[in-house]
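This is structure35.csv. It holds CSV, C-alpha atoms.
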chain,number,residue,atom,x,y,z
P,1,MET,CA,186.7,220.5,92.8
P,2,ASN,CA,186.5,216.9,91.9
P,3,ASP,CA,189.9,216.0,93.4
P,4,LEU,CA,190.1,218.3,96.4
P,5,ASP,CA,192.4,217.3,99.3
P,6,PRO,CA,190.6,216.8,102.6
P,7,LEU,CA,191.6,220.1,104.0
P,8,SER,CA,190.5,222.0,100.9
P,9,ALA,CA,187.3,220.0,100.8
P,10,PHE,CA,186.6,221.0,104.4
P,11,ALA,CA,187.4,224.6,103.7
P,12,SER,CA,184.8,224.6,100.9
P,13,LEU,CA,182.1,223.7,103.5
P,14,LEU,CA,182.8,226.9,105.4
P,15,THR,CA,181.9,229.1,102.4
P,16,ASP,CA,178.5,230.6,102.1
P,17,GLN,CA,177.8,228.1,99.3
P,18,GLY,CA,179.0,225.2,101.5
P,19,ARG,CA,176.9,226.2,104.4
P,20,ALA,CA,173.8,226.5,102.2
P,21,LEU,CA,174.4,223.1,100.8
P,22,LEU,CA,174.9,221.6,104.3
P,23,ASP,CA,171.5,223.0,105.3
P,24,GLU,CA,170.0,221.4,102.2
P,25,VAL,CA,171.4,217.9,102.8
P,26,ARG,CA,171.0,218.0,106.6
P,27,ASP,CA,168.3,215.3,106.8
P,28,THR,CA,169.4,213.1,104.0
P,29,GLU,CA,168.9,209.4,104.7
P,30,PRO,CA,171.7,206.9,103.6
P,31,ALA,CA,169.3,205.3,101.2
P,32,GLN,CA,168.7,208.7,99.5
P,33,GLU,CA,172.3,209.8,99.1
P,34,LEU,CA,172.8,208.6,95.6
P,35,ALA,CA,169.6,210.3,94.3
P,36,VAL,CA,170.3,213.5,96.2
P,37,ALA,CA,173.9,213.6,95.0
P,38,THR,CA,172.9,213.1,91.4
P,39,ARG,CA,170.4,216.0,91.7
P,40,LEU,CA,172.7,218.4,93.5
P,41,ARG,CA,175.6,217.8,91.1
P,42,ARG,CA,173.6,219.7,88.5
P,43,GLU,CA,173.8,222.8,90.7
P,44,TYR,CA,177.0,222.4,92.8
P,45,PRO,CA,180.6,221.3,92.2
P,46,VAL,CA,180.9,217.5,92.5
P,47,GLY,CA,183.6,217.7,95.3
P,48,LEU,CA,181.4,220.1,97.3
P,49,VAL,CA,178.4,217.8,97.1
P,50,SER,CA,180.5,214.8,98.2
P,51,ALA,CA,182.0,216.8,101.2
P,52,ALA,CA,178.6,218.1,102.3
P,53,LEU,CA,176.9,214.6,102.2
P,54,GLY,CA,179.9,213.1,104.1
P,55,GLN,CA,179.6,215.9,106.7
P,56,ALA,CA,175.8,215.4,107.0
P,57,ARG,CA,176.4,211.7,107.6
P,58,LEU,CA,179.0,212.5,110.3
P,59,ARG,CA,176.7,215.0,112.0
P,60,GLN,CA,174.0,212.3,112.2
P,61,ARG,CA,176.4,209.9,113.8
P,62,ALA,CA,177.5,212.6,116.3
P,63,VAL,CA,174.0,213.2,117.7
P,64,VAL,CA,174.4,210.4,120.2
P,65,LYS,CA,177.5,212.1,121.7
P,66,PHE,CA,176.8,215.8,121.3
P,67,GLY,CA,173.0,216.0,121.1
P,68,ALA,CA,171.0,217.2,118.0
P,69,ALA,CA,171.4,220.9,118.6
P,70,ASP,CA,175.2,220.9,118.8
P,71,ALA,CA,175.8,218.1,116.3
P,72,GLY,CA,173.7,220.0,113.7
P,73,ARG,CA,176.1,223.0,113.9
P,74,MET,CA,179.4,221.3,114.5
P,75,TYR,CA,181.9,219.8,112.0
P,76,PHE,CA,183.5,216.4,112.3
P,77,THR,CA,186.0,214.0,110.8
P,78,PRO,CA,185.4,210.2,110.9
P,79,ASN,CA,188.1,209.8,113.6
P,80,GLY,CA,186.7,212.8,115.5
P,81,VAL,CA,183.3,211.3,115.8
P,82,GLU,CA,184.7,208.0,117.0
P,83,GLN,CA,187.3,209.3,119.4
P,84,SER,CA,185.8,212.5,120.8
P,85,THR,CA,184.6,212.7,124.4
P,86,ARG,CA,180.8,212.4,124.9
P,87,ALA,CA,179.5,215.8,125.8
P,88,SER,CA,178.1,214.8,129.1
P,89,VAL,CA,181.4,213.4,130.2
P,90,ALA,CA,183.3,216.5,128.9
P,91,ALA,CA,180.9,218.8,130.8
P,92,TYR,CA,181.4,216.9,134.0
P,93,ARG,CA,185.2,217.1,133.7
P,94,ALA,CA,184.9,220.9,132.9
P,95,ARG,CA,182.9,221.4,136.1
P,96,ARG,CA,185.5,219.5,138.0
P,97,PHE,CA,188.2,221.9,136.6
P,98,GLN,CA,186.0,224.8,137.4
P,99,GLU,CA,185.5,223.6,141.0
P,100,LEU,CA,189.3,223.4,141.4
P,101,GLY,CA,189.6,227.1,140.6
P,102,VAL,CA,191.0,226.6,137.1
P,103,ARG,CA,190.6,229.6,134.7
P,104,SER,CA,192.8,228.4,131.8
P,105,VAL,CA,193.6,225.0,130.4
P,106,ALA,CA,196.1,223.8,127.7
P,107,ASP,CA,194.1,221.1,125.9
P,108,LEU,CA,196.7,218.9,124.3
P,109,CYS,CA,195.6,216.5,121.5
P,110,CYS,CA,192.3,218.4,121.4
P,111,GLY,CA,190.8,216.5,118.4
P,112,ILE,CA,187.7,218.2,117.0
P,113,GLY,CA,187.4,220.2,120.2
P,114,GLY,CA,184.8,218.4,122.3
P,115,ASP,CA,186.6,218.9,125.6
P,116,ALA,CA,187.6,222.5,124.7
P,117,ILE,CA,184.0,223.3,124.0
P,118,ALA,CA,182.9,222.0,127.4
P,119,LEU,CA,185.7,223.9,129.2
P,120,ALA,CA,184.9,227.1,127.4
P,121,ARG,CA,181.2,226.8,128.3
P,122,ALA,CA,182.4,226.5,131.9
P,123,GLY,CA,184.0,229.9,131.5
P,124,ILE,CA,187.6,228.6,131.1
P,125,ARG,CA,190.0,229.9,128.6
P,126,VAL,CA,191.5,227.2,126.4
P,127,LEU,CA,194.5,226.6,124.2
P,128,ALA,CA,193.5,223.7,122.0
P,129,VAL,CA,196.4,221.9,120.3
P,130,ASP,CA,196.5,219.2,117.6
P,131,ARG,CA,199.2,218.5,115.1
P,132,ASP,CA,196.8,217.3,112.3
P,133,PRO,CA,196.0,220.3,110.0
P,134,LEU,CA,192.4,219.0,109.2
P,135,THR,CA,191.6,218.2,112.8
P,136,ALA,CA,192.8,221.6,114.0
P,137,ALA,CA,190.8,223.3,111.3
P,138,VAL,CA,187.7,221.4,112.4
P,139,ALA,CA,188.3,222.3,116.0
P,140,ARG,CA,188.6,226.0,115.1
P,141,ALA,CA,185.4,225.8,113.0
P,142,ASN,CA,183.6,224.2,115.9
P,143,ALA,CA,184.6,226.9,118.3
P,144,ASP,CA,183.3,229.6,115.9
P,145,ALA,CA,180.1,227.7,115.1
P,146,LEU,CA,179.2,227.5,118.8
P,147,GLY,CA,180.1,231.1,119.6
P,148,LEU,CA,183.2,230.2,121.7
P,149,GLY,CA,185.9,231.5,119.5
P,150,GLU,CA,186.9,234.2,122.0
P,151,LEU,CA,187.6,231.6,124.7
P,152,ILE,CA,189.3,228.9,122.5
P,153,GLU,CA,192.6,229.4,120.7
P,154,VAL,CA,193.3,226.5,118.3
P,155,ARG,CA,196.9,225.9,117.4
P,156,GLU,CA,198.2,223.4,114.9
P,157,ALA,CA,201.4,222.1,116.5
P,158,ASP,CA,203.1,219.1,117.9
P,159,VAL,CA,201.9,219.0,121.6
P,160,THR,CA,205.4,217.9,122.8
P,161,GLU,CA,206.7,221.3,121.6
P,162,VAL,CA,204.0,223.5,123.2
P,163,ALA,CA,204.8,225.5,126.3
P,164,THR,CA,202.1,225.2,128.9
P,165,ALA,CA,203.5,227.2,131.9
P,166,ALA,CA,201.1,230.1,131.3
P,167,TYR,CA,198.1,227.9,132.0
P,168,ASP,CA,196.5,226.9,135.3
P,169,ALA,CA,196.0,223.3,134.2
P,170,VAL,CA,196.9,220.8,131.4
P,171,PHE,CA,194.5,218.3,129.9
P,172,VAL,CA,195.9,215.5,127.7
P,173,ASP,CA,193.9,213.1,125.6
P,174,PRO,CA,196.5,210.9,123.7
P,175,ALA,CA,195.4,209.1,120.6
P,176,ARG,CA,194.6,205.5,121.4
P,177,ARG,CA,194.0,204.3,117.9
P,178,GLY,CA,196.6,203.4,115.2
P,179,GLY,CA,196.5,202.1,111.7
P,180,ARG,CA,195.4,198.7,113.0
P,181,GLY,CA,192.7,199.9,115.4
P,182,ARG,CA,192.6,200.4,119.1
P,183,VAL,CA,196.0,200.6,121.0
P,184,PHE,CA,196.2,198.9,124.4
P,185,ASP,CA,199.8,199.6,125.4
P,186,PRO,CA,199.9,203.0,127.1
P,187,GLU,CA,203.4,203.6,125.7
P,188,ALA,CA,202.0,203.1,122.2
P,189,TYR,CA,199.6,206.1,122.7
P,190,SER,CA,200.4,209.1,120.7
P,191,PRO,CA,202.1,210.8,122.5
P,192,PRO,CA,203.1,208.0,125.0
P,193,LEU,CA,201.6,207.9,128.5
P,194,SER,CA,205.1,208.4,130.0
P,195,TRP,CA,205.4,211.8,128.2
P,196,ALA,CA,201.9,212.8,129.3
P,197,VAL,CA,202.7,211.9,132.9
P,198,ARG,CA,205.9,214.0,132.8
P,199,THR,CA,203.9,216.9,131.4
P,200,ALA,CA,201.3,216.5,134.0
P,201,LEU,CA,203.8,216.5,136.8
P,202,GLU,CA,205.3,219.8,135.6
P,203,ALA,CA,201.8,221.5,135.6
P,204,PRO,CA,200.1,223.0,138.7
P,205,LEU,CA,197.1,220.7,138.0
P,206,ALA,CA,196.5,218.2,135.2
P,207,ALA,CA,194.2,215.5,134.0
P,208,LEU,CA,195.1,212.7,131.5
P,209,LYS,CA,192.3,210.8,129.7
P,210,ILE,CA,193.1,207.1,129.3
P,211,ALA,CA,191.5,203.9,128.2
P,212,PRO,CA,189.3,202.4,131.0
P,213,GLY,CA,191.0,199.1,130.6
P,214,ILE,CA,194.4,200.4,131.7
P,215,PRO,CA,196.0,198.0,134.2
P,216,HIS,CA,195.9,199.5,137.7
P,217,GLU,CA,199.6,198.8,138.2
P,218,THR,CA,200.5,201.2,135.4
P,219,VAL,CA,198.8,204.1,137.2
P,220,PRO,CA,201.6,206.5,138.5
P,221,ALA,CA,201.8,206.8,142.2
P,222,GLU,CA,201.5,210.6,141.9
P,223,ALA,CA,198.0,210.3,140.3
P,224,GLY,CA,194.5,209.9,141.6
P,225,SER,CA,192.5,207.7,139.2
P,226,GLU,CA,188.8,208.0,138.3
P,227,TRP,CA,186.7,205.7,136.1
P,228,ILE,CA,183.6,207.3,134.5
P,229,SER,CA,180.5,205.7,133.1
P,230,ASP,CA,177.5,207.4,131.5
P,231,SER,CA,174.1,205.7,131.8
P,232,GLY,CA,175.8,202.5,132.6
P,233,ASP,CA,178.4,202.5,129.8
P,234,VAL,CA,182.0,202.9,130.9
P,235,LYS,CA,183.5,205.7,128.8
P,236,GLU,CA,187.0,206.5,130.1
P,237,ALA,CA,189.4,206.7,132.9
P,238,VAL,CA,191.1,209.9,134.1
P,239,LEU,CA,194.4,210.4,135.9
P,240,TRP,CA,194.3,213.5,138.1
P,241,PHE,CA,197.5,215.3,139.3
P,242,GLY,CA,197.9,218.2,141.7
P,243,THR,CA,194.3,218.2,143.0
P,244,GLY,CA,195.5,218.5,146.6
P,245,GLY,CA,193.2,215.8,148.0
P,246,THR,CA,190.0,217.4,146.7
P,247,GLY,CA,187.7,214.6,145.6
P,248,PRO,CA,185.4,214.6,142.6
P,249,GLY,CA,181.6,214.4,142.7
P,250,GLU,CA,179.0,215.1,145.4
P,251,THR,CA,179.1,212.1,147.6
P,252,GLY,CA,182.7,211.3,148.4
P,253,PRO,CA,184.3,212.6,151.6
P,254,LYS,CA,186.9,215.3,151.2
P,255,GLY,CA,190.5,215.0,152.2
P,256,ALA,CA,193.2,212.4,151.9
P,257,GLY,CA,192.3,209.4,149.7
P,258,SER,CA,189.4,211.1,147.9
P,259,GLY,CA,191.2,212.9,145.1
P,260,GLY,CA,194.9,213.1,145.8
P,261,ALA,CA,197.8,210.9,144.8
P,262,GLY,CA,196.9,207.2,145.0
P,263,SER,CA,193.2,207.7,145.4
P,264,VAL,CA,190.7,205.7,143.3
P,265,CYS,CA,187.1,206.5,142.6
P,266,ALA,CA,184.2,205.7,140.2
P,267,THR,CA,181.9,208.4,138.9
P,268,LEU,CA,178.5,207.5,137.5
P,269,LEU,CA,176.7,209.9,135.1
P,270,PRO,CA,174.2,211.4,135.0
P,271,GLY,CA,174.3,212.7,138.5
P,272,PRO,CA,177.2,212.7,139.2
P,273,ARG,CA,177.5,210.1,141.9
P,274,THR,CA,181.0,209.2,143.0
P,275,LEU,CA,182.1,206.2,144.9
P,276,VAL,CA,185.5,206.7,146.6
P,277,GLY,CA,187.8,203.8,147.3
P,278,ARG,CA,188.6,203.0,151.0
P,279,GLY,CA,191.1,200.2,150.3
P,280,LEU,CA,188.7,197.5,151.5
P,281,PRO,CA,189.7,193.8,151.1
P,282,ASP,CA,187.9,191.7,148.6
P,283,PRO,CA,184.4,190.6,149.9
P,284,GLN,CA,184.0,187.1,151.1
P,285,VAL,CA,182.3,184.4,149.0
P,286,ARG,CA,178.9,183.5,150.5
P,287,PRO,CA,175.9,181.4,149.5
P,288,LEU,CA,173.6,182.9,147.0
P,289,GLY,CA,171.0,185.0,148.6
P,290,ARG,CA,167.6,186.3,147.4
P,291,TYR,CA,169.1,189.3,145.6
P,292,LEU,CA,171.9,189.6,143.1
P,293,TYR,CA,173.6,193.0,142.6
P,294,GLU,CA,175.4,193.9,139.4
P,295,PRO,CA,177.9,196.8,140.0
P,296,ASP,CA,178.2,199.5,137.5
P,297,GLY,CA,181.0,199.0,135.0
P,298,ALA,CA,183.0,202.0,136.3
P,299,VAL,CA,182.8,200.5,139.8
P,300,ILE,CA,184.2,197.2,138.5
P,301,ARG,CA,187.0,198.8,136.5
P,302,ALA,CA,187.9,200.9,139.5
P,303,HIS,CA,188.1,197.7,141.6
P,304,LEU,CA,185.6,199.1,144.1
P,305,VAL,CA,183.2,196.1,144.3
P,306,ALA,CA,184.1,195.7,147.9
P,307,GLU,CA,182.9,199.2,148.7
P,308,VAL,CA,179.5,198.4,147.2
P,309,ALA,CA,179.3,195.1,149.0
P,310,ALA,CA,180.1,196.9,152.3
P,311,GLU,CA,177.0,199.1,151.9
P,312,LEU,CA,174.7,196.0,151.7
P,313,ASP,CA,173.5,193.9,154.6
P,314,GLY,CA,175.6,190.8,154.5
P,315,GLY,CA,176.8,191.5,151.0
P,316,GLY,CA,179.3,189.0,149.5
P,317,LEU,CA,180.5,187.5,146.2
P,318,ILE,CA,178.9,184.5,144.5
P,319,ASP,CA,182.4,183.5,143.3
P,320,GLU,CA,185.9,184.9,144.1
P,321,THR,CA,186.5,185.7,140.4
P,322,ILE,CA,183.1,187.1,139.5
P,323,ALA,CA,182.0,190.7,140.2
P,324,TYR,CA,178.4,189.8,141.2
P,325,ILE,CA,177.3,190.6,144.8
P,326,THR,CA,174.6,188.7,146.6
P,327,ALA,CA,172.6,189.5,149.7
P,328,ASP,CA,169.5,188.3,151.5
P,329,SER,CA,167.8,191.7,151.8
P,330,LEU,CA,167.1,194.5,149.2
P,331,LYS,CA,168.9,197.8,149.7
P,332,ASP,CA,169.0,200.5,147.1
P,333,SER,CA,172.5,201.4,145.8
P,334,PRO,CA,173.3,204.0,143.1
P,335,TYR,CA,176.3,201.9,142.2
P,336,ALA,CA,174.7,198.6,141.5
P,337,THR,CA,171.5,197.2,139.9
P,338,ALA,CA,169.6,194.7,142.0
P,339,TYR,CA,167.8,191.6,140.7
P,340,GLU,CA,165.6,189.2,142.6
P,341,ILE,CA,166.7,185.7,141.9
P,342,THR,CA,164.0,183.0,141.6
P,343,ASP,CA,166.0,180.0,140.4
P,344,GLN,CA,169.5,178.6,140.5
P,345,LEU,CA,170.4,175.7,138.2
P,346,PRO,CA,173.6,174.2,136.8
P,347,PHE,CA,174.4,175.2,133.3
P,348,SER,CA,172.0,173.3,131.0
P,349,VAL,CA,170.3,174.7,127.9
P,350,LYS,CA,167.7,172.0,128.1
P,351,LYS,CA,166.7,172.7,131.7
P,352,LEU,CA,166.6,176.4,131.1
P,353,LYS,CA,164.4,176.0,128.0
P,354,ALA,CA,162.0,173.8,130.0
P,355,LEU,CA,161.9,176.4,132.8
P,356,LEU,CA,161.2,179.3,130.5
P,357,ARG,CA,158.4,177.4,128.8
P,358,GLU,CA,156.9,176.6,132.1
P,359,ARG,CA,157.1,180.3,133.2
P,360,GLY,CA,155.8,181.6,129.8
P,361,VAL,CA,158.9,183.7,129.3
P,362,GLY,CA,159.0,185.4,125.9
P,363,VAL,CA,161.2,188.3,126.6
P,364,LEU,CA,164.6,187.1,127.9
P,365,THR,CA,167.5,189.3,128.9
P,366,VAL,CA,170.8,187.4,129.0
P,367,LYS,CA,173.7,188.7,131.0
P,368,LYS,CA,177.0,186.9,131.4
P,369,ARG,CA,180.1,187.1,133.5
P,370,GLY,CA,182.6,184.3,133.6
P,371,SER,CA,180.8,182.4,130.8
P,372,ALA,CA,181.9,181.7,127.2
P,373,VAL,CA,178.3,181.4,126.0
P,374,GLU,CA,177.1,184.2,123.8
P,375,PRO,CA,173.7,185.7,124.7
P,376,GLU,CA,172.3,185.6,121.2
P,377,GLU,CA,173.4,182.0,120.8
P,378,LEU,CA,171.5,181.1,124.0
P,379,ARG,CA,168.4,182.9,122.9
P,380,ARG,CA,168.4,181.0,119.6
P,381,LYS,CA,168.6,177.7,121.4
P,382,VAL,CA,165.9,178.3,124.1
P,383,LYS,CA,163.5,180.1,121.8
P,384,PRO,CA,161.6,182.0,124.4
P,385,GLN,CA,157.9,182.3,123.9
P,386,GLY,CA,155.1,183.7,126.1
P,387,PRO,CA,153.8,187.0,127.7
P,388,ASN,CA,156.3,187.2,130.6
P,389,SER,CA,159.9,188.5,130.9
P,390,ALA,CA,162.9,187.3,132.8
P,391,THR,CA,166.7,187.8,133.2
P,392,VAL,CA,169.1,185.0,133.1
P,393,PHE,CA,172.7,185.3,134.4
P,394,LEU,CA,175.3,183.0,132.9
P,395,THR,CA,178.0,182.9,135.5
P,396,ARG,CA,179.9,180.8,138.1
P,397,VAL,CA,178.9,180.2,141.6
P,398,LYS,CA,181.7,178.9,143.8
P,399,GLY,CA,183.5,177.8,140.6
P,400,ALA,CA,180.6,175.9,139.0
P,401,PRO,CA,179.0,177.0,135.7
P,402,THR,CA,175.6,178.3,136.8
P,403,MET,CA,172.4,179.9,135.5
P,404,LEU,CA,170.5,182.3,137.7
P,405,LEU,CA,167.0,183.3,136.7
P,406,GLY,CA,165.3,186.4,138.1
P,407,HIS,CA,164.0,189.9,137.3
P,408,PRO,CA,164.9,193.4,138.2
P,409,ALA,CA,164.1,194.2,141.9
P,410,PRO,CA,161.6,197.0,142.6
P,411,ALA,CA,163.3,200.3,143.4
Represent the supplied structure as structure tokens.
Amino acid sequence: MNDLDPLSAFASLLTDQGRALLDEVRDTEPAQELAVATRLRREYPVGLVSAALGQARLRQRAVVKFGAADAGRMYFTPNGVEQSTRASVAAYRARRFQELGVRSVADLCCGIGGDAIALARAGIRVLAVDRDPLTAAVARANADALGLGELIEVREADVTEVATAAYDAVFVDPARRGGRGRVFDPEAYSPPLSWAVRTALEAPLAALKIAPGIPHETVPAEAGSEWISDSGDVKEAVLWFGTGGTGPGETGPKGAGSGGAGSVCATLLPGPRTLVGRGLPDPQVRPLGRYLYEPDGAVIRAHLVAEVAAELDGGGLIDETIAYITADSLKDSPYATAYEITDQLPFSVKKLKALLRERGVGVLTVKKRGSAVEPEELRRKVKPQGPNSATVFLTRVKGAPTMLLGHPAPA
């Protein structure tokens, strides 16, 4: 077993001996791996020990996406951990399919099965397809490990050759990484976005997972677009087809413009809270007020900053190119974080250092938008010391490089 190919090495982990070894190495720390491997190779085949330790390492990395309970039972590949959908996002999307009356989904480019698992847990029957033999084997093992094998059929095949007419909906998650790293051109996805769109248009209902940085002008006119963040981190964008104007989330109005072709929204998890685009013009630039609002990343990616500004009293931009909103009064918004601004000064490390020393600031949070200065570089230069905390924004105000000092506003 010293020279097993990846598929055979993975198959060895599904044996009784492999499962027992996985249990034994579950909590192995990276610094302990060499000593543990040396000891276990006296009892187990060398290849099996290597495969088990590698899988234990992947399970530890996967906890942040899948939670400890599921990650401890599932199987992963390095790419699978990196590219799979976070469980909270997959669960949200599965509920969305469920609310739309979907009972079966063809999950194309299923990877290790993260979305298929969420769909099955929502009671939806899934055909999960991936062309890579190892990835398909891992997806099948995950369905079985989580007791979902009866709802998830895993098929090793080229997704472009799979018939999907028998399913209520299609979900496509094209690979967005190549041999040189992340792929930014949608036509360089595997399969290309154009193929995924054609497939979506042929289905009664479809969702395409895409990179959140996709240019808005490349979104097909037939699709509604949704940007999703989880705990403030932008995770993905989704193109929805055939939803009939039924909008996502709990807070958006139903009907035209909230889920059908051409609609735009941003969904924030946990929650969910969904902000639906109304086609508002860009907010006006106004003088800096007492409060600064930092919109959630999904709101910014969805180009819905104007919708947030409209909810605030006198809300406007500090600069026409910067997605910071300012207002004179404090108003809670689930779509933006508010800060009370105490000082505004031109960009000057010397002046900032003096002000921080005067205020006794030792804990400094650095945020930037429209500045080339790196936060860690600034911290090293100002050397904050003292019992107090503050937030500094490196940005532009009406085109001028500016530092804004403040702190999170009370809820």
Compare P:Gly147, P:Pro6, P:Pro220, P:Pro215 by their minimum atom-to-atom distance to Asp132 (chain P), counting all atoms listed in the file, and give me the closest one. P:Pro6
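At a cut-off of 10 Å from (184.9, 219.9, 103.8), the residue set is Leu4, Asp5, Pro6, Leu7, Ser8, Ala9, Phe10, Ala11, Ser12, Leu13, Leu14, Thr15, Gly18, Gly47, Leu48, Val49, Ser50, Ala51, Ala52, Leu53, Gly54, Gln55, Tyr75, Phe76, Thr77, Leu134 and Val138 of chain P (counting only C-alpha atoms).
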File dump, residues just selected, C-alpha atoms, as a compact mmCIF listing (two decimals), in the frame of the given file:
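Writing done, so here's part.txt:
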# COMPACT_ATOMS: atom_id res chain seq x y z
CA LEU P 4 190.10 218.30 96.40
CA ASP P 5 192.40 217.30 99.30
CA PRO P 6 190.60 216.80 102.60
CA LEU P 7 191.60 220.10 104.00
CA SER P 8 190.50 222.00 100.90
CA ALA P 9 187.30 220.00 100.80
CA PHE P 10 186.60 221.00 104.40
CA ALA P 11 187.40 224.60 103.70
CA SER P 12 184.80 224.60 100.90
CA LEU P 13 182.10 223.70 103.50
CA LEU P 14 182.80 226.90 105.40
CA THR P 15 181.90 229.10 102.40
CA GLY P 18 179.00 225.20 101.50
CA GLY P 47 183.60 217.70 95.30
CA LEU P 48 181.40 220.10 97.30
CA VAL P 49 178.40 217.80 97.10
CA SER P 50 180.50 214.80 98.20
CA ALA P 51 182.00 216.80 101.20
CA ALA P 52 178.60 218.10 102.30
CA LEU P 53 176.90 214.60 102.20
CA GLY P 54 179.90 213.10 104.10
CA GLN P 55 179.60 215.90 106.70
CA TYR P 75 181.90 219.80 112.00
CA PHE P 76 183.50 216.40 112.30
CA THR P 77 186.00 214.00 110.80
CA LEU P 134 192.40 219.00 109.20
CA VAL P 138 187.70 221.40 112.40
Which neighbours of Ala118 (chain P) fall inside 8 Å, counting all atoms listed in the file, when residues of the same chain fewer than 2 positions from it are skipped, and could you give them as a PDB file with C-alpha atoms, in the coordinates of the input?
ATOM      1  CA  ALA P  87     179.500 215.800 125.800  1.00  0.00           C
ATOM      2  CA  ALA P  90     183.300 216.500 128.900  1.00  0.00           C
ATOM      3  CA  ALA P  91     180.900 218.800 130.800  1.00  0.00           C
ATOM      4  CA  ALA P  94     184.900 220.900 132.900  1.00  0.00           C
ATOM      5  CA  GLY P 114     184.800 218.400 122.300  1.00  0.00           C
ATOM      6  CA  ASP P 115     186.600 218.900 125.600  1.00  0.00           C
ATOM      7  CA  ALA P 116     187.600 222.500 124.700  1.00  0.00           C
ATOM      8  CA  ALA P 120     184.900 227.100 127.400  1.00  0.00           C
ATOM      9  CA  ARG P 121     181.200 226.800 128.300  1.00  0.00           C
ATOM     10  CA  ALA P 122     182.400 226.500 131.900  1.00  0.00           C
TER      11      ALA P 122
END
Leu394 (chain P) surroundings by only C-alpha atoms, 12 Å radius, close-in-sequence under 5 positions cut, as a PyMOL selection string: chain P and resi 322+324+344-349+352+365-375+378+400-406
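Shortest atom-to-atom contact with Ala169 (chain P) among P:Leu269, P:Leu100, P:Ala157, P:Cys109: P:Leu100, counting only C-alpha atoms.
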Excluding Ala409 (chain P) and its own-chain neighbours fewer than 5 positions away, which residues fall within 6 Å of it when counting all atoms listed in the file? Please give them as a PyMOL selection string. chain P and resi 338-340
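The nearest approach to Thr342 (chain P) among the residues P:Val305, P:Ala165, P:Ala411, P:Leu292, with all atoms listed in the file taken into account, belongs to P:Leu292.
CA of His407 (chain P) is positioned 15.3 Å from CA of Pro384 (chain P).
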List the spatial neighbours of region 282-285 of chain P as a list of chain:residue names - criterion: any atom at most 6 Å away, all atoms listed in the file, same-chain residues fewer than 2 positions off excluded. P:Ala306, P:Gly316, P:Leu317, P:Ile318, P:Asp319
Got time to write the residues from that selection, C-alpha atoms, as a compact mmCIF listing (two decimals), in the frame of the given file?
# COMPACT_ATOMS: atom_id res chain seq x y z
CA ALA P 306 184.10 195.70 147.90
CA GLY P 316 179.30 189.00 149.50
CA LEU P 317 180.50 187.50 146.20
CA ILE P 318 178.90 184.50 144.50
CA ASP P 319 182.40 183.50 143.30
What does the structure give for the distance between CA of Val126 (chain P) and CA of Val154 (chain P), in Å to one decimal? 8.3 Å
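Straight-line separation from CA of Gly242 (chain P) to CA of Phe97 (chain P): 11.6 Å.
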